[in-house]
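These notes concern the structure reproduced below.
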Amino acid sequence: MTRHFDKSKLPSRHVTEGPSRAPHRSYYYAMGLDEEDIHQPLIGVATCWNEAAPCNIALNRQAQSVKLGVKAASGTPREFTTITVTDGIAMGHEGMRSSLASREAIADTVELTMRGHCYDALVGLAGCDKSLPGMMMAMVRLNVPSVFIYGGSILPGRLNGKDVTVQDVFEAVGKHQAGNFSDAELAILERVACPSAGACGGQFTANTMACVSEAIGLALLNSSGAPAPYESRDQYGVASGEAVMALLEKNIRARDIVTLKSLENAARVVACTGGSTNAGLHLPAIAHEAGIDFDLFDVCEIFRDTPYFVDLKPGGQYVAKDLYEVGGVPVVMKELRKAGLLHEDCITASGRSMGEELDLITAEADGRVIYPVETPLTKSGGVVGLKGNLAPEGAIVKVAGMSAAEQVFTGPARVFECEEDAFEAVKARSYKEGEVIVIRNEGPSGGPGMREMLATTAAISGQGMGKKVALITDGRFSGATRGFCVGHVGPEAAKGGPIGLLKDGDVITLNAVTGEISVALSDKELADRLANWAGPRPTNYASGALWKYAQLVGSTVKGAVTHPGAKEETHIYMDL
């Protein structure tokens with residue numbers, strides 16, 4: 001389709017139009033563009049391609065199909081890459097400190113690239129936990145016409161007639177430590193668990209945020225479903241390239257799509273699919289870029305009254321490929337619509353409303369992967385918010401797959417000052433049934449970096465103790481974590497939060513049914529302990545990127561963001 005654009009109001013006019021821009025144009029001629037290419041809109045095609053992990057390895061190839069779509073719709077694509085830190089590789093060691101900070105670096109570097117080269121619109125491809133929200137944050141921050149594409153999930157491995165994922169490998173480490181899994185069995189499992197390109201296959205953080213991308217409206221419906229190796233994904237790449245040009249033509253921008261209503265739709269989809277607790281961090285961060293008040297408590301309020309009806313790992317049985325084969329996120333959203341739990345008037349990347357998009361979907365709930373909303377797995381969401389004197393700024397827990405009885409736990413605290421200390425205790429089996437394991441000083445600032453605790457929680461599960469202890473932390477949990485594991489406890493220990501004042505033996509009560517997280521201490525006792533608090537734990541990170549992150553990062557309840565957000569901005573990039 002040939003379109004004609006007036007560049008007098010587009011950012012790229014600053015680098016392509018008029019005699020004074022002859023030097024700039026000479027650079028474009030050097031790259032093989034012709035006069036027509038130069039005077040068309042310039043479209044950023046951003047990927048997180050790298051060789052760090054399978055979740056990113058296919059993005060470079062997928063970007064080529066996006067560029068074909070942009071070109072077919074009278075745009076000139078300009079491909080660039082940004083970083084990722086992949087949690088599966090960074091898990092269980094110092095590297096995890098870089099993970100959450102990488103979300104900000106991704107948003108910042110995409111913003112800087114777009115601003116520096118005056119691109120008019122953005123198609124972003126991402127494949128791993130922090131790169132998805134980071135890319136969406138950049139879109140909303142810049143407020144350009146934007147379309148998001150997920151790189152796709154990994155195919156499940158097969159072992160002994162069953163699907164396996166990387167979660168099984170993490171849990172097998174615990175079984176191995178307990179003497180219930182041999183070296184040979186572990187060697188076989190690690191070779192077959194991840195058989196292709198793509199992000200972790202369960203409803204962990206990457207797939208959760210992929211579902212969010214569709215529900216929030218930034219991605220074309222069903223574009224996130226097909227596994228990464230499927231070359232049928234190319235059709236969505238082409239369509240996304242064409243879609244961003246249509247959005248540019250109509251001047252539909254990212255903040256026209258990302259609204260309070262669309263954020264609520266996204267939170268509903270996280271809840272009903274038993275998604276990752278990390279969505280409670282990323283949705284407020286995306287909202288912040290739009291200047292919308294939508295914090296952890298708002299997210300959890302939606303989680304609380306949303307039925308859980310999609311049976312995905314880690315709480316359930318199926319993986320992303322199975323969800324795709326029964327119709328994907330659109331069918332899930334149709335079920336939410338039946339229950340009156342969806343805002344249909346939100347605009348989407350197609351330019352049509354969510355209601356109009358769902359009217360085109362003929363598939364229905366299959367009753368195996370996607371249950372009918374009127375007969376859910378449980379009546380409340382798979383993720384729950386907690387609040388109490390131990391977490392005045394809230395906390396979050398994934399309860400998908402847990403019975404009501406398993407959602408209540410009271411026990412004495414066993415306090416660890418960092419994840420490594422806790423992991424060593426778990427390996428040595430020096431913790432006891434009935435304890436609440438406390439891992440502190442792992443918050444966004446105090447960590448720094450708010451590490452995920454999958455190595456520790458998976459080892460506990462692998463030892464058969466997942467239902468016999470609870471765990472709380474001011475850090476995070478992987479979307480693959482199972483058991484009564486409470487994360488995002490705020491304020492964090494480094495900020496003087498109550499979690500930093502706990503002592504071994506303090507009695508902690510966790511109740512995901514009523515939303516309670518408390519310690520049996522009086523207000524006076526907590527105040528006295530705070531008055532005698534020695535201050536934040538010293539850090540090794542006194543320079544570099546992690547030091548900068550620790551200085552800037554805000555509270556978990558608001559998404560652990562590092563800048564004032566859209567409420568304080570004095571200009572819109574697109575209008576400069």
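Residues in the structure tokens are named by chain (A, B, ... in the order shown) and by number from 1 within that chain; ligands are numbered from 1 in the order shown.
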Excluding region 371-374 of chain A and any residue of its chain fewer than 2 positions from it, enumerate the residues within 7 Å of it, using only C-alpha atoms, and give them as a ChimeraX atom specification.
-> /A:309-310,335-336,339,365-369,376
Keeping only C-alpha atoms, write the selected residues to a file as a PDB file, in the first residue's frame.
```pdb
ATOM      1  CA  PHE A 309      -9.091 -20.334  34.601  1.00  0.00           C
ATOM      2  CA  VAL A 310      -6.035 -20.970  32.375  1.00  0.00           C
ATOM      3  CA  GLU A 335     -13.865 -15.424  28.453  1.00  0.00           C
ATOM      4  CA  LEU A 336     -13.093 -12.336  30.547  1.00  0.00           C
ATOM      5  CA  ALA A 339     -17.827 -12.254  32.795  1.00  0.00           C
ATOM      6  CA  ALA A 365     -12.460 -22.125  25.550  1.00  0.00           C
ATOM      7  CA  ASP A 366     -11.370 -25.736  25.104  1.00  0.00           C
ATOM      8  CA  GLY A 367     -12.021 -26.773  28.728  1.00  0.00           C
ATOM      9  CA  ARG A 368      -8.558 -28.285  29.091  1.00  0.00           C
ATOM     10  CA  VAL A 369      -6.034 -25.440  28.809  1.00  0.00           C
ATOM     11  CA  PRO A 376     -12.691 -21.603  36.763  1.00  0.00           C
TER      12      PRO A 376
END
```
Could you please determine the separation between CA of Leu281 (chain A) and CA of Val399 (chain A) in Å, to one decimal place?
->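 Rounded to one decimal, the two atoms are 16.9 Å apart.
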Any idea what's packed within 7 Å of Cys272 (chain A), counting only C-alpha atoms, ignoring anything in its chain fewer than 5 positions away? Could you give it as a PyMOL selection string?
-> chain A and resi 306-310+381-382
Would you mind telling me which residue in A:Pro145, A:Pro23, A:Phe5, A:Ala72 lies nearest to Gly44 (chain A) when using only C-alpha atoms?
->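 So, comparing all the options, the nearest one is A:Pro145.
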Could you check how far CA of Glu79 (chain A) sits from CA of Val45 (chain A), in Å to one decimal?
->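 Value for the CA of Glu79 (chain A)-CA of Val45 (chain A) distance: 4.5 Å.
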Selection: 9 Å around region 561-570 of chain A, only C-alpha atoms, excl. self and same-chain fewer than 6 positions, as an NGL selection string | :A and (104 or 141 or 284-285 or 288-292 or 549 or 551-555)
Selection from above, all heavy atoms, as a tab-separated table (two decimals), in the first residue's frame, can you write it?
```
chain	number	residue	atom	x	y	z
A	104	GLU	N	15.54	-0.92	32.91
A	104	GLU	CA	15.70	0.53	32.76
A	104	GLU	C	16.69	0.85	31.65
A	104	GLU	O	16.49	1.79	30.88
A	104	GLU	CB	16.18	1.15	34.07
A	104	GLU	CG	15.40	0.72	35.30
A	104	GLU	CD	13.91	0.87	35.17
A	104	GLU	OE1	13.45	2.00	34.92
A	104	GLU	OE2	13.19	-0.13	35.30
A	141	ARG	N	7.03	5.94	26.97
A	141	ARG	CA	7.81	7.14	27.32
A	141	ARG	C	7.95	8.08	26.13
A	141	ARG	O	7.77	9.29	26.25
A	141	ARG	CB	9.20	6.72	27.81
A	141	ARG	CG	10.08	7.87	28.26
A	141	ARG	CD	11.47	7.40	28.62
A	141	ARG	NE	11.48	6.38	29.66
A	141	ARG	CZ	12.58	5.76	30.10
A	141	ARG	NH1	13.77	6.04	29.54
A	141	ARG	NH2	12.51	4.85	31.06
A	284	PRO	N	2.99	-1.34	36.94
A	284	PRO	CA	3.14	0.02	37.47
A	284	PRO	C	4.24	0.82	36.78
A	284	PRO	O	4.11	2.04	36.61
A	284	PRO	CB	3.47	-0.22	38.95
A	284	PRO	CG	2.83	-1.52	39.28
A	284	PRO	CD	3.02	-2.35	38.03
A	285	ALA	N	5.31	0.14	36.35
A	285	ALA	CA	6.40	0.85	35.67
A	285	ALA	C	5.94	1.36	34.30
A	285	ALA	O	6.28	2.48	33.90
A	285	ALA	CB	7.61	-0.07	35.52
A	288	HIS	N	3.68	4.31	34.88
A	288	HIS	CA	4.49	5.47	35.26
A	288	HIS	C	4.96	6.25	34.03
A	288	HIS	O	4.98	7.48	34.04
A	288	HIS	CB	5.69	4.96	36.07
A	288	HIS	CG	6.66	6.01	36.50
A	288	HIS	ND1	6.39	6.90	37.51
A	288	HIS	CD2	7.92	6.31	36.07
A	288	HIS	CE1	7.44	7.69	37.69
A	288	HIS	NE2	8.38	7.36	36.83
A	289	GLU	N	5.30	5.51	32.98
A	289	GLU	CA	5.77	6.17	31.75
A	289	GLU	C	4.65	6.96	31.08
A	289	GLU	O	4.91	7.89	30.32
A	289	GLU	CB	6.31	5.14	30.76
A	289	GLU	CG	7.47	4.29	31.27
A	289	GLU	CD	8.77	5.07	31.43
A	289	GLU	OE1	8.82	6.26	31.05
A	289	GLU	OE2	9.74	4.48	31.94
A	290	ALA	N	3.39	6.60	31.37
A	290	ALA	CA	2.25	7.32	30.81
A	290	ALA	C	1.69	8.35	31.77
A	290	ALA	O	0.73	9.05	31.44
A	290	ALA	CB	1.15	6.32	30.44
A	291	GLY	N	2.26	8.45	32.98
A	291	GLY	CA	1.74	9.38	33.97
A	291	GLY	C	0.45	8.91	34.61
A	291	GLY	O	-0.34	9.72	35.10
A	292	ILE	N	0.24	7.59	34.63
A	292	ILE	CA	-0.99	7.01	35.18
A	292	ILE	C	-0.69	6.43	36.56
A	292	ILE	O	0.29	5.71	36.74
A	292	ILE	CB	-1.54	5.90	34.26
A	292	ILE	CG1	-1.93	6.47	32.89
A	292	ILE	CG2	-2.73	5.18	34.89
A	292	ILE	CD1	-2.22	5.41	31.83
A	549	TYR	N	22.06	2.77	39.61
A	549	TYR	CA	20.70	2.23	39.76
A	549	TYR	C	20.26	2.32	41.22
A	549	TYR	O	19.13	2.76	41.51
A	549	TYR	CB	20.68	0.78	39.28
A	549	TYR	CG	19.33	0.11	39.40
A	549	TYR	CD1	18.33	0.37	38.47
A	549	TYR	CD2	19.06	-0.77	40.45
A	549	TYR	CE1	17.08	-0.23	38.59
A	549	TYR	CE2	17.82	-1.38	40.57
A	549	TYR	CZ	16.83	-1.10	39.63
A	549	TYR	OH	15.60	-1.70	39.75
A	551	GLN	N	21.11	4.37	43.50
A	551	GLN	CA	20.84	5.75	43.90
A	551	GLN	C	19.48	6.24	43.40
A	551	GLN	O	18.80	7.01	44.06
A	551	GLN	CB	21.93	6.70	43.36
A	551	GLN	CG	23.35	6.33	43.69
A	551	GLN	CD	23.57	6.01	45.15
A	551	GLN	OE1	23.27	6.83	46.02
A	551	GLN	NE2	24.09	4.83	45.43
A	552	LEU	N	19.10	5.79	42.22
A	552	LEU	CA	17.92	6.34	41.55
A	552	LEU	C	16.63	5.56	41.80
A	552	LEU	O	15.54	6.13	41.73
A	552	LEU	CB	18.17	6.38	40.04
A	552	LEU	CG	19.21	7.38	39.53
A	552	LEU	CD1	19.51	7.13	38.05
A	552	LEU	CD2	18.73	8.81	39.73
A	553	VAL	N	16.74	4.26	42.07
A	553	VAL	CA	15.55	3.42	42.02
A	553	VAL	C	14.60	3.74	43.17
A	553	VAL	O	14.99	4.00	44.30
A	553	VAL	CB	15.94	1.92	42.02
A	553	VAL	CG1	16.55	1.50	43.36
A	553	VAL	CG2	14.75	1.06	41.66
A	554	GLY	N	13.30	3.74	42.83
A	554	GLY	CA	12.26	4.02	43.79
A	554	GLY	C	11.67	2.75	44.37
A	554	GLY	O	12.19	1.64	44.18
A	555	SER	N	10.56	2.89	45.05
A	555	SER	CA	9.97	1.77	45.80
A	555	SER	C	9.33	0.74	44.87
A	555	SER	O	8.86	1.06	43.78
A	555	SER	CB	8.93	2.29	46.79
A	555	SER	OG	7.84	2.88	46.11
```
